[in-house]
file upload.cif (mmCIF, C-alpha atoms)
data_run
loop_
_atom_site.label_atom_id
_atom_site.label_comp_id
_atom_site.auth_asym_id
_atom_site.auth_seq_id
_atom_site.Cartn_x
_atom_site.Cartn_y
_atom_site.Cartn_z
CA MET A 1 6.78 16.64 -21.04
CA TYR A 2 9.64 14.78 -19.38
CA GLN A 3 10.53 15.95 -15.88
CA PRO A 4 13.93 15.22 -14.30
CA VAL A 5 14.40 13.02 -11.26
CA LYS A 6 14.40 14.77 -7.93
CA LYS A 7 14.27 14.34 -4.19
CA VAL A 8 11.39 15.76 -2.18
CA ILE A 9 11.89 16.77 1.45
CA LEU A 10 8.79 18.30 3.04
CA PRO A 11 9.36 19.98 6.42
CA GLU A 12 6.72 19.01 8.97
CA SER A 13 6.52 22.66 9.99
CA SER A 14 4.90 23.68 6.71
CA ILE A 15 2.38 20.97 5.94
CA ILE A 16 -0.96 22.72 6.48
CA SER A 17 -2.17 23.89 3.09
CA ASP A 18 -5.20 23.80 0.82
CA GLU A 19 -4.43 20.13 0.24
CA VAL A 20 -3.99 19.18 3.91
CA ASN A 21 -6.33 20.48 6.59
CA GLU A 22 -7.28 19.22 10.05
CA ASP A 23 -9.93 16.83 8.70
CA ILE A 24 -7.44 15.26 6.31
CA LEU A 25 -4.87 14.95 9.08
CA ILE A 26 -7.40 13.02 11.18
CA LEU A 27 -8.21 10.83 8.17
CA LEU A 28 -4.54 10.06 7.57
CA TYR A 29 -3.86 9.37 11.24
CA SER A 30 -6.90 7.10 11.56
CA ASP A 31 -5.99 5.12 8.45
CA MET A 32 -2.39 4.56 9.56
CA LEU A 33 -3.53 3.57 13.04
CA LEU A 34 -6.07 1.14 11.56
CA GLY A 35 -3.31 -0.50 9.54
CA ARG A 36 -0.94 -0.77 12.51
CA ASN A 37 -3.54 -2.20 14.90
CA PHE A 38 -4.85 -4.59 12.27
CA GLU A 39 -1.37 -6.00 11.65
CA ASP A 40 -0.66 -6.31 15.38
CA MET A 41 -3.87 -8.30 15.75
CA CYS A 42 -2.86 -10.48 12.80
CA ALA A 43 0.33 -11.39 14.63
CA GLN A 44 -1.67 -12.41 17.70
CA MET A 45 -4.10 -14.50 15.66
CA TYR A 46 -1.28 -16.14 13.68
CA TYR A 47 0.53 -17.27 16.80
CA ARG A 48 -2.76 -18.59 18.20
CA GLY A 49 -3.14 -20.79 15.13
CA LYS A 50 -6.04 -18.89 13.54
CA MET A 51 -4.10 -18.09 10.35
CA PHE A 52 -2.00 -20.38 8.21
CA GLY A 53 0.75 -20.09 5.63
CA PHE A 54 2.97 -17.04 5.24
CA VAL A 55 1.76 -13.75 6.68
CA HIS A 56 3.74 -10.60 5.82
CA LEU A 57 3.01 -7.60 8.02
CA TYR A 58 3.25 -3.93 7.08
CA ASN A 59 4.18 -2.33 10.43
CA GLY A 60 6.28 0.79 9.87
CA GLN A 61 5.32 1.37 6.25
CA GLU A 62 1.84 2.81 6.88
CA ALA A 63 2.71 6.32 5.66
CA VAL A 64 3.25 5.00 2.15
CA SER A 65 -0.09 3.22 1.85
CA THR A 66 -2.06 6.01 3.51
CA GLY A 67 -0.21 8.83 1.78
CA VAL A 68 -0.87 7.45 -1.70
CA ILE A 69 -4.17 5.58 -1.51
CA LYS A 70 -6.04 8.21 0.50
CA ALA A 71 -5.19 10.68 -2.29
CA LEU A 72 -6.96 8.47 -4.87
CA LYS A 73 -10.62 8.50 -5.87
CA ASN A 74 -13.00 5.55 -5.58
CA GLN A 75 -12.78 5.01 -9.36
CA ASP A 76 -9.00 4.49 -9.15
CA TYR A 77 -7.23 1.14 -8.91
CA VAL A 78 -4.60 -0.32 -6.60
CA CYS A 79 -2.25 -3.24 -7.26
CA SER A 80 -0.40 -4.61 -4.26
CA THR A 81 2.16 -7.22 -3.26
CA TYR A 82 2.15 -10.13 -0.81
CA ARG A 83 2.30 -7.47 1.95
CA ASP A 84 -1.19 -6.36 1.03
CA HIS A 85 -3.49 -6.18 4.08
CA VAL A 86 -2.99 -2.48 4.79
CA HIS A 87 -3.19 -1.44 1.13
CA ALA A 88 -6.62 -3.09 1.03
CA LEU A 89 -7.74 -1.34 4.22
CA SER A 90 -6.60 2.04 2.87
CA LYS A 91 -8.60 1.41 -0.33
CA GLY A 92 -11.73 0.91 1.73
CA VAL A 93 -12.00 -2.88 1.97
CA PRO A 94 -13.69 -3.46 5.38
CA ALA A 95 -11.44 -4.77 8.12
CA LYS A 96 -13.86 -7.64 8.83
CA SER A 97 -13.67 -8.80 5.19
CA VAL A 98 -9.87 -8.80 5.24
CA MET A 99 -9.70 -10.54 8.63
CA ALA A 100 -12.19 -13.19 7.54
CA GLU A 101 -10.07 -13.81 4.44
CA LEU A 102 -7.00 -14.30 6.60
CA PHE A 103 -8.97 -16.85 8.62
CA GLY A 104 -9.91 -18.66 5.39
CA LYS A 105 -13.62 -18.00 5.86
CA GLU A 106 -16.36 -17.81 3.22
CA THR A 107 -17.16 -14.21 4.26
CA GLY A 108 -13.63 -13.09 3.37
CA CYS A 109 -13.12 -10.67 0.50
CA SER A 110 -11.78 -13.57 -1.62
CA HIS A 111 -14.24 -16.05 -0.10
CA GLY A 112 -11.46 -17.69 1.88
CA ARG A 113 -9.67 -18.85 -1.28
CA GLY A 114 -6.91 -16.26 -1.30
CA GLY A 115 -5.58 -15.85 2.20
CA SER A 116 -2.97 -13.33 3.25
CA MET A 117 -1.20 -12.86 -0.08
CA HIS A 118 -4.27 -12.71 -2.34
CA ILE A 119 -6.56 -10.04 -0.92
CA PHE A 120 -8.93 -8.89 -3.69
CA SER A 121 -12.02 -6.69 -3.99
CA SER A 122 -13.56 -5.77 -7.34
CA GLN A 123 -16.03 -3.52 -5.50
CA HIS A 124 -13.16 -1.36 -4.24
CA ASN A 125 -11.00 -1.64 -7.40
CA PHE A 126 -8.40 -3.45 -5.36
CA LEU A 127 -6.75 -5.72 -7.90
CA GLY A 128 -5.12 -8.02 -5.47
CA GLY A 129 -2.03 -9.03 -3.63
CA PHE A 130 0.43 -11.24 -5.48
CA ALA A 131 2.59 -13.97 -4.01
CA PHE A 132 5.52 -13.46 -6.39
CA ILE A 133 7.40 -10.20 -6.71
CA GLY A 134 6.71 -8.21 -9.85
CA GLU A 135 3.43 -10.00 -10.62
CA GLY A 136 1.27 -6.97 -9.96
CA ILE A 137 3.13 -4.56 -12.25
CA PRO A 138 1.83 -6.00 -15.57
CA VAL A 139 -1.66 -6.18 -14.04
CA ALA A 140 -1.41 -2.50 -13.14
CA ILE A 141 -0.36 -1.73 -16.70
CA GLY A 142 -3.46 -3.54 -17.92
CA ALA A 143 -5.71 -1.57 -15.58
CA ALA A 144 -4.16 1.71 -16.74
CA PHE A 145 -4.42 0.65 -20.39
CA GLN A 146 -8.14 -0.07 -20.17
CA SER A 147 -8.66 3.42 -18.74
CA ILE A 148 -6.87 4.96 -21.73
CA TYR A 149 -8.69 2.63 -24.14
CA LYS A 150 -12.10 3.65 -22.79
CA LYS A 151 -11.17 7.30 -23.17
CA GLN A 152 -9.51 7.25 -26.59
CA VAL A 153 -11.30 4.43 -28.39
CA LEU A 154 -14.69 4.10 -26.70
CA ARG A 155 -14.95 7.89 -26.27
CA ASN A 156 -15.80 7.68 -22.59
CA GLU A 157 -16.16 11.24 -21.26
CA ASP A 158 -15.34 10.38 -17.65
CA GLN A 159 -12.01 11.32 -16.09
CA LEU A 160 -9.20 8.84 -16.49
CA SER A 161 -8.94 6.34 -13.67
CA VAL A 162 -5.47 6.21 -12.14
CA THR A 163 -3.76 2.98 -11.10
CA ALA A 164 -1.37 2.94 -8.13
CA CYS A 165 1.08 0.04 -8.30
CA PHE A 166 3.04 -0.87 -5.17
CA PHE A 167 6.15 -3.05 -5.03
CA GLY A 168 9.36 -3.39 -3.07
CA ASP A 169 12.98 -2.52 -3.74
CA GLY A 170 13.83 -6.13 -4.60
CA THR A 171 11.34 -6.10 -7.46
CA THR A 172 13.18 -3.29 -9.23
CA ASN A 173 15.90 -5.74 -10.27
CA ASN A 174 13.34 -7.82 -12.18
CA GLY A 175 12.43 -7.59 -15.84
CA GLN A 176 8.75 -6.73 -15.36
CA PHE A 177 9.75 -3.46 -13.73
CA PHE A 178 11.79 -2.23 -16.69
CA GLU A 179 9.46 -3.56 -19.39
CA CYS A 180 6.39 -2.00 -17.81
CA LEU A 181 8.07 1.36 -17.20
CA ASN A 182 8.89 1.48 -20.89
CA MET A 183 5.35 0.50 -21.91
CA ALA A 184 3.73 2.99 -19.53
CA VAL A 185 5.76 5.89 -20.94
CA LEU A 186 5.28 4.77 -24.53
CA TRP A 187 1.49 4.78 -24.18
CA LYS A 188 1.32 7.59 -21.56
CA LEU A 189 -0.62 5.36 -19.20
CA PRO A 190 -2.26 6.81 -16.05
CA VAL A 191 -0.22 4.75 -13.61
CA ILE A 192 1.92 5.55 -10.59
CA PHE A 193 4.74 3.18 -9.67
CA ILE A 194 5.41 3.27 -5.93
CA VAL A 195 8.59 1.57 -4.76
CA GLU A 196 8.33 0.82 -1.05
CA ASN A 197 12.05 0.70 -0.41
CA ASN A 198 12.17 -0.84 3.06
CA GLN A 199 15.91 -1.47 2.62
CA TRP A 200 15.61 -5.27 2.61
CA ALA A 201 14.49 -7.81 -0.01
CA ILE A 202 13.64 -10.63 2.42
CA GLY A 203 17.15 -11.14 3.87
CA MET A 204 19.16 -9.26 1.25
CA ALA A 205 20.14 -5.67 2.02
CA HIS A 206 19.19 -3.33 -0.81
CA HIS A 207 22.66 -1.88 -1.29
CA ARG A 208 24.07 -5.39 -1.78
CA SER A 209 21.59 -6.48 -4.45
CA THR A 210 21.67 -3.69 -7.03
CA SER A 211 24.42 -1.92 -8.93
CA PHE A 212 22.51 1.38 -8.74
CA PRO A 213 20.81 1.78 -5.33
CA GLU A 214 18.95 5.04 -6.07
CA ILE A 215 15.88 3.51 -7.69
CA TYR A 216 14.11 6.77 -8.50
CA LYS A 217 16.93 7.71 -10.85
CA LYS A 218 16.17 4.69 -13.02
CA ALA A 219 13.12 6.59 -14.28
CA GLU A 220 15.42 8.83 -16.31
CA ALA A 221 16.27 6.02 -18.74
CA PHE A 222 12.60 5.76 -19.74
CA GLY A 223 11.69 9.45 -19.68
CA LEU A 224 9.31 9.67 -16.75
CA PRO A 225 9.57 11.68 -13.54
CA GLY A 226 11.41 9.92 -10.73
CA ILE A 227 10.93 11.15 -7.17
CA GLU A 228 12.49 10.07 -3.90
CA VAL A 229 10.44 10.83 -0.79
CA ASP A 230 10.60 10.21 2.95
CA GLY A 231 8.33 7.19 3.30
CA MET A 232 8.10 7.69 7.06
CA ASN A 233 6.34 11.06 6.60
CA VAL A 234 2.73 10.60 5.46
CA LEU A 235 2.40 14.24 4.48
CA ALA A 236 5.47 14.18 2.28
CA VAL A 237 4.18 11.03 0.59
CA ARG A 238 0.74 12.55 0.09
CA SER A 239 2.24 15.70 -1.40
CA VAL A 240 4.14 13.86 -4.14
CA ALA A 241 1.26 11.42 -4.68
CA LEU A 242 -1.22 14.23 -5.36
CA LYS A 243 1.03 15.69 -8.05
CA ALA A 244 1.61 12.28 -9.65
CA ILE A 245 -2.10 11.48 -9.60
CA GLU A 246 -3.00 14.80 -11.19
CA ARG A 247 -0.37 14.27 -13.87
CA ALA A 248 -1.68 10.79 -14.65
CA ARG A 249 -5.35 11.82 -14.63
CA ASN A 250 -4.64 14.66 -17.04
CA GLY A 251 -3.19 12.20 -19.54
CA ASN A 252 0.45 13.16 -19.05
CA GLY A 253 1.65 9.68 -18.18
CA PRO A 254 3.27 7.79 -15.31
CA THR A 255 5.48 8.73 -12.37
CA LEU A 256 7.96 6.63 -10.39
CA ILE A 257 7.99 7.33 -6.64
CA GLU A 258 10.62 5.78 -4.39
CA ALA A 259 9.45 5.94 -0.77
CA LEU A 260 12.26 5.30 1.71
CA THR A 261 10.66 3.31 4.52
CA TYR A 262 11.27 0.39 6.88
CA ARG A 263 9.34 -2.62 8.14
CA PHE A 264 9.34 -2.95 11.91
CA ARG A 265 8.88 -6.72 11.85
CA GLY A 266 10.65 -9.54 10.04
CA HIS A 267 9.96 -10.39 6.42
CA SER A 268 7.08 -12.60 7.54
CA LEU A 269 5.83 -13.92 10.86
CA ALA A 270 7.95 -17.01 10.23
CA ASP A 271 11.10 -14.86 10.04
CA PRO A 272 13.11 -14.57 13.30
CA ASP A 273 14.53 -11.26 11.96
CA GLU A 274 18.13 -11.98 12.91
CA LEU A 275 19.82 -10.45 9.86
CA ARG A 276 19.11 -6.80 10.63
CA SER A 277 21.11 -5.15 13.39
CA ARG A 278 19.44 -3.87 16.53
CA GLN A 279 21.07 -0.48 15.93
CA GLU A 280 19.54 -0.21 12.47
CA LYS A 281 16.09 -1.20 13.68
CA ASN A 282 16.16 1.22 16.60
CA ALA A 283 17.22 4.09 14.34
CA TRP A 284 14.17 3.56 12.12
CA LEU A 285 11.81 3.02 15.06
CA THR A 286 12.48 6.59 16.18
CA ARG A 287 10.93 7.74 12.88
CA ASP A 288 7.64 5.90 13.42
CA PRO A 289 5.21 7.66 11.00
CA ILE A 290 2.20 7.37 13.31
CA LYS A 291 4.00 8.85 16.30
CA ARG A 292 5.40 11.65 14.13
CA LEU A 293 1.97 12.70 12.88
CA ARG A 294 0.43 12.37 16.35
CA LYS A 295 3.14 14.59 17.83
CA TYR A 296 2.73 17.16 15.06
CA MET A 297 -1.01 17.45 15.58
CA ILE A 298 -0.69 17.78 19.36
CA ASP A 299 2.23 20.24 19.23
CA ASN A 300 0.26 22.47 16.85
CA SER A 301 -3.00 22.21 18.86
CA LEU A 302 -4.86 20.70 15.91
CA VAL A 303 -6.39 18.00 18.10
CA THR A 304 -6.53 17.15 21.78
CA ILE A 305 -5.17 14.01 23.38
CA ASP A 306 -8.76 13.09 24.22
CA ASP A 307 -9.66 13.30 20.51
CA LEU A 308 -6.83 10.96 19.60
CA ASN A 309 -7.65 8.56 22.43
CA GLU A 310 -11.22 8.40 21.13
CA ILE A 311 -9.92 7.50 17.66
CA ASP A 312 -7.63 4.86 19.18
CA LEU A 313 -10.53 3.29 21.09
CA LYS A 314 -12.82 3.25 18.05
CA ILE A 315 -10.19 1.55 15.89
CA LYS A 316 -9.40 -1.07 18.53
CA THR A 317 -13.12 -1.79 18.79
CA ASP A 318 -13.36 -2.15 15.00
CA ILE A 319 -10.42 -4.58 15.02
CA ASP A 320 -11.95 -6.63 17.84
CA ASN A 321 -15.23 -6.75 15.92
CA SER A 322 -13.40 -7.92 12.80
CA VAL A 323 -11.88 -10.81 14.75
CA ASN A 324 -15.25 -11.79 16.19
CA PHE A 325 -16.76 -11.62 12.70
CA ALA A 326 -14.04 -13.87 11.33
CA LEU A 327 -14.32 -16.37 14.19
CA SER A 328 -18.10 -16.65 13.78
CA SER A 329 -18.06 -16.85 9.97
CA PRO A 330 -18.61 -20.17 8.18
CA GLU A 331 -15.89 -22.19 6.51
CA PRO A 332 -16.14 -22.61 2.72
CA LYS A 333 -18.26 -25.62 1.77
CA THR A 334 -16.50 -28.67 0.34
CA GLN A 335 -18.98 -28.82 -2.55
CA ASP A 336 -17.95 -25.28 -3.52
CA LEU A 337 -14.30 -26.25 -3.96
CA LYS A 338 -14.33 -25.36 -7.67
CA ARG A 339 -16.49 -22.28 -7.31
CA TYR A 340 -15.12 -18.83 -8.21
CA LEU A 341 -12.66 -20.26 -10.74
CA PHE A 342 -14.71 -18.56 -13.46
CA ALA A 343 -17.02 -15.58 -13.55
CA GLU A 344 -20.56 -16.39 -12.50
CA GLU A 345 -23.69 -15.12 -14.21
CA GLU A 346 -25.77 -12.83 -12.08
CA ILE A 347 -29.36 -14.02 -11.84
#
call {"tool": "encode", "arguments": {"input": "upload.cif", "output": "structure tokens"}}
result
Amino acid sequence: MYQPVKKVILPESSIISDEVNEDILILLYSDMLLGRNFEDMCAQMYYRGKMFGFVHLYNGQEAVSTGVIKALKNQDYVCSTYRDHVHALSKGVPAKSVMAELFGKETGCSHGRGGSMHIFSSQHNFLGGFAFIGEGIPVAIGAAFQSIYKKQVLRNEDQLSVTACFFGDGTTNNGQFFECLNMAVLWKLPVIFIVENNQWAIGMAHHRSTSFPEIYKKAEAFGLPGIEVDGMNVLAVRSVALKAIERARNGNGPTLIEALTYRFRGHSLADPDELRSRQEKNAWLTRDPIKRLRKYMIDNSLVTIDDLNEIDLKIKTDIDNSVNFALSSPEPKTQDLKRYLFAEEEI
């Protein structure tokens, strides 16, 4: 049944529940910290000439990736954007495989053929990053459709697999967004549309590029729930994601989630980031999702500083190991230039 659009504000003082316990808090914190440290290392490697092309970092938006993807099951799918490294890490793609891909190495998750904007892993049901905005939405629709098809036509008795589709605020002015929302509702597809509204579409401020800035309210035209959530609060994101996932898995159709967030770096590492004001950036920096969760856990005696320092050290070690793995991995062979264009038979 259709549910009206709504805002969700989850106080950090009331987040411990059956759905969020201390173990989950540690999981969420570790995943966000992995994403942040991985992206910081990417910046270092890019400026040292180890990566080429455009590299779009995710710093600041970690609560969205972690809050949604860590609520999914292994059988579920994720479609990303060109800002895809952290989505892949949250879905379980090893950091060394992603780093090697960014270095263009054969051991990368796309065998060095994809690079930063085309991270892919069939093993983890990670359906890829996409260089152009809106590309991933029809792919997500296809993934959700095959789940319904298996259930209704092939009589598969397994639970429906849910597809989480991420895209930015700029994409919501494109035709794919509207067409796919309509299709998803029409067929009651198990898909969640997550708008990562980081306020800027490259260099265009969101409020200057759309006649109706509140994206979540656009869901009403198609008859699906539309929810606005604080994308700098991982627990608020997780709360709405769990409800949307349950709704989709039960065969009740899609949900549109607009997560209000902010990227702490420029559009890409080639962007000097001169269009956004220092005042605006500083205001969002005070809402850093990792620092907020860390403070909450310490203030409520859920972990000790030593526990968190141990997590920090482990993640930094993992990131260093991923760089060493990428540096020592072989380049793709010239004779394999045309390999992986088509599916290969397993022998």
call {"tool": "resolve_selection", "arguments": {"input": "upload.cif", "expression": "the PyMOL selection byres ((chain A and resi 177) around 12)", "output": "PyMOL selection string"}}
result
chain A and resi 133-141+165-176+178-184+193-195+215+218-219+222+256
call {"tool": "closest_residue", "arguments": {"input": "upload.cif", "among": "A:Gly104, A:Ala43, A:Ala95, A:Val55", "to": "Pro332 in chain A", "atoms": "all atoms listed in the file"}}
result
A:Gly104
call {"tool": "closest_residue", "arguments": {"input": "upload.cif", "among": "A:Asn324, A:Asn37, A:Asn309, A:Ser116", "to": "Arg294 in chain A", "atoms": "all atoms listed in the file"}}
result
A:Asn309
call {"tool": "resolve_selection", "arguments": {"input": "upload.cif", "expression": "the PyMOL selection byres ((chain A and resi 281-287) around 9)", "output": "ChimeraX atom specification"}}
result
/A:60,232-233,261-264,276-280,288-292
call {"tool": "closest_residue", "arguments": {"input": "upload.cif", "among": "A:Ile192, A:Leu34, A:Leu260, A:Ala326", "to": "Phe103 in chain A", "atoms": "all atoms listed in the file"}}
result
A:Ala326
call {"tool": "residues_around", "arguments": {"input": "upload.cif", "residues": "Asp307 in chain A", "least_positions_apart": "6", "cutoff": "12 Å", "atoms": "only C-alpha atoms", "output": "PyMOL selection string"}}
result
chain A and resi 26+29-30+294+297-298+301+313-314
call {"tool": "resolve_selection", "arguments": {"input": "upload.cif", "expression": "the PyMOL selection byres ((chain A and resi 259) around 9)", "output": "JSON, numbers by chain"}}
result
{"A": [64, 194, 195, 196, 197, 198, 227, 228, 229, 230, 231, 232, 237, 257, 258, 260, 261]}
call {"tool": "residues_around", "arguments": {"input": "upload.cif", "residues": "Glu62 in chain A", "least_positions_apart": "4", "cutoff": "7 Å", "atoms": "only C-alpha atoms", "output": "list in words"}}
result
Met32, Gly35, Tyr58 and Thr66 of chain A
call {"tool": "closest_residue", "arguments": {"input": "upload.cif", "among": "A:Gly129, A:Pro94, A:Pro190, A:Gly112", "to": "Gln146 in chain A", "atoms": "all atoms listed in the file"}}
result
A:Pro190
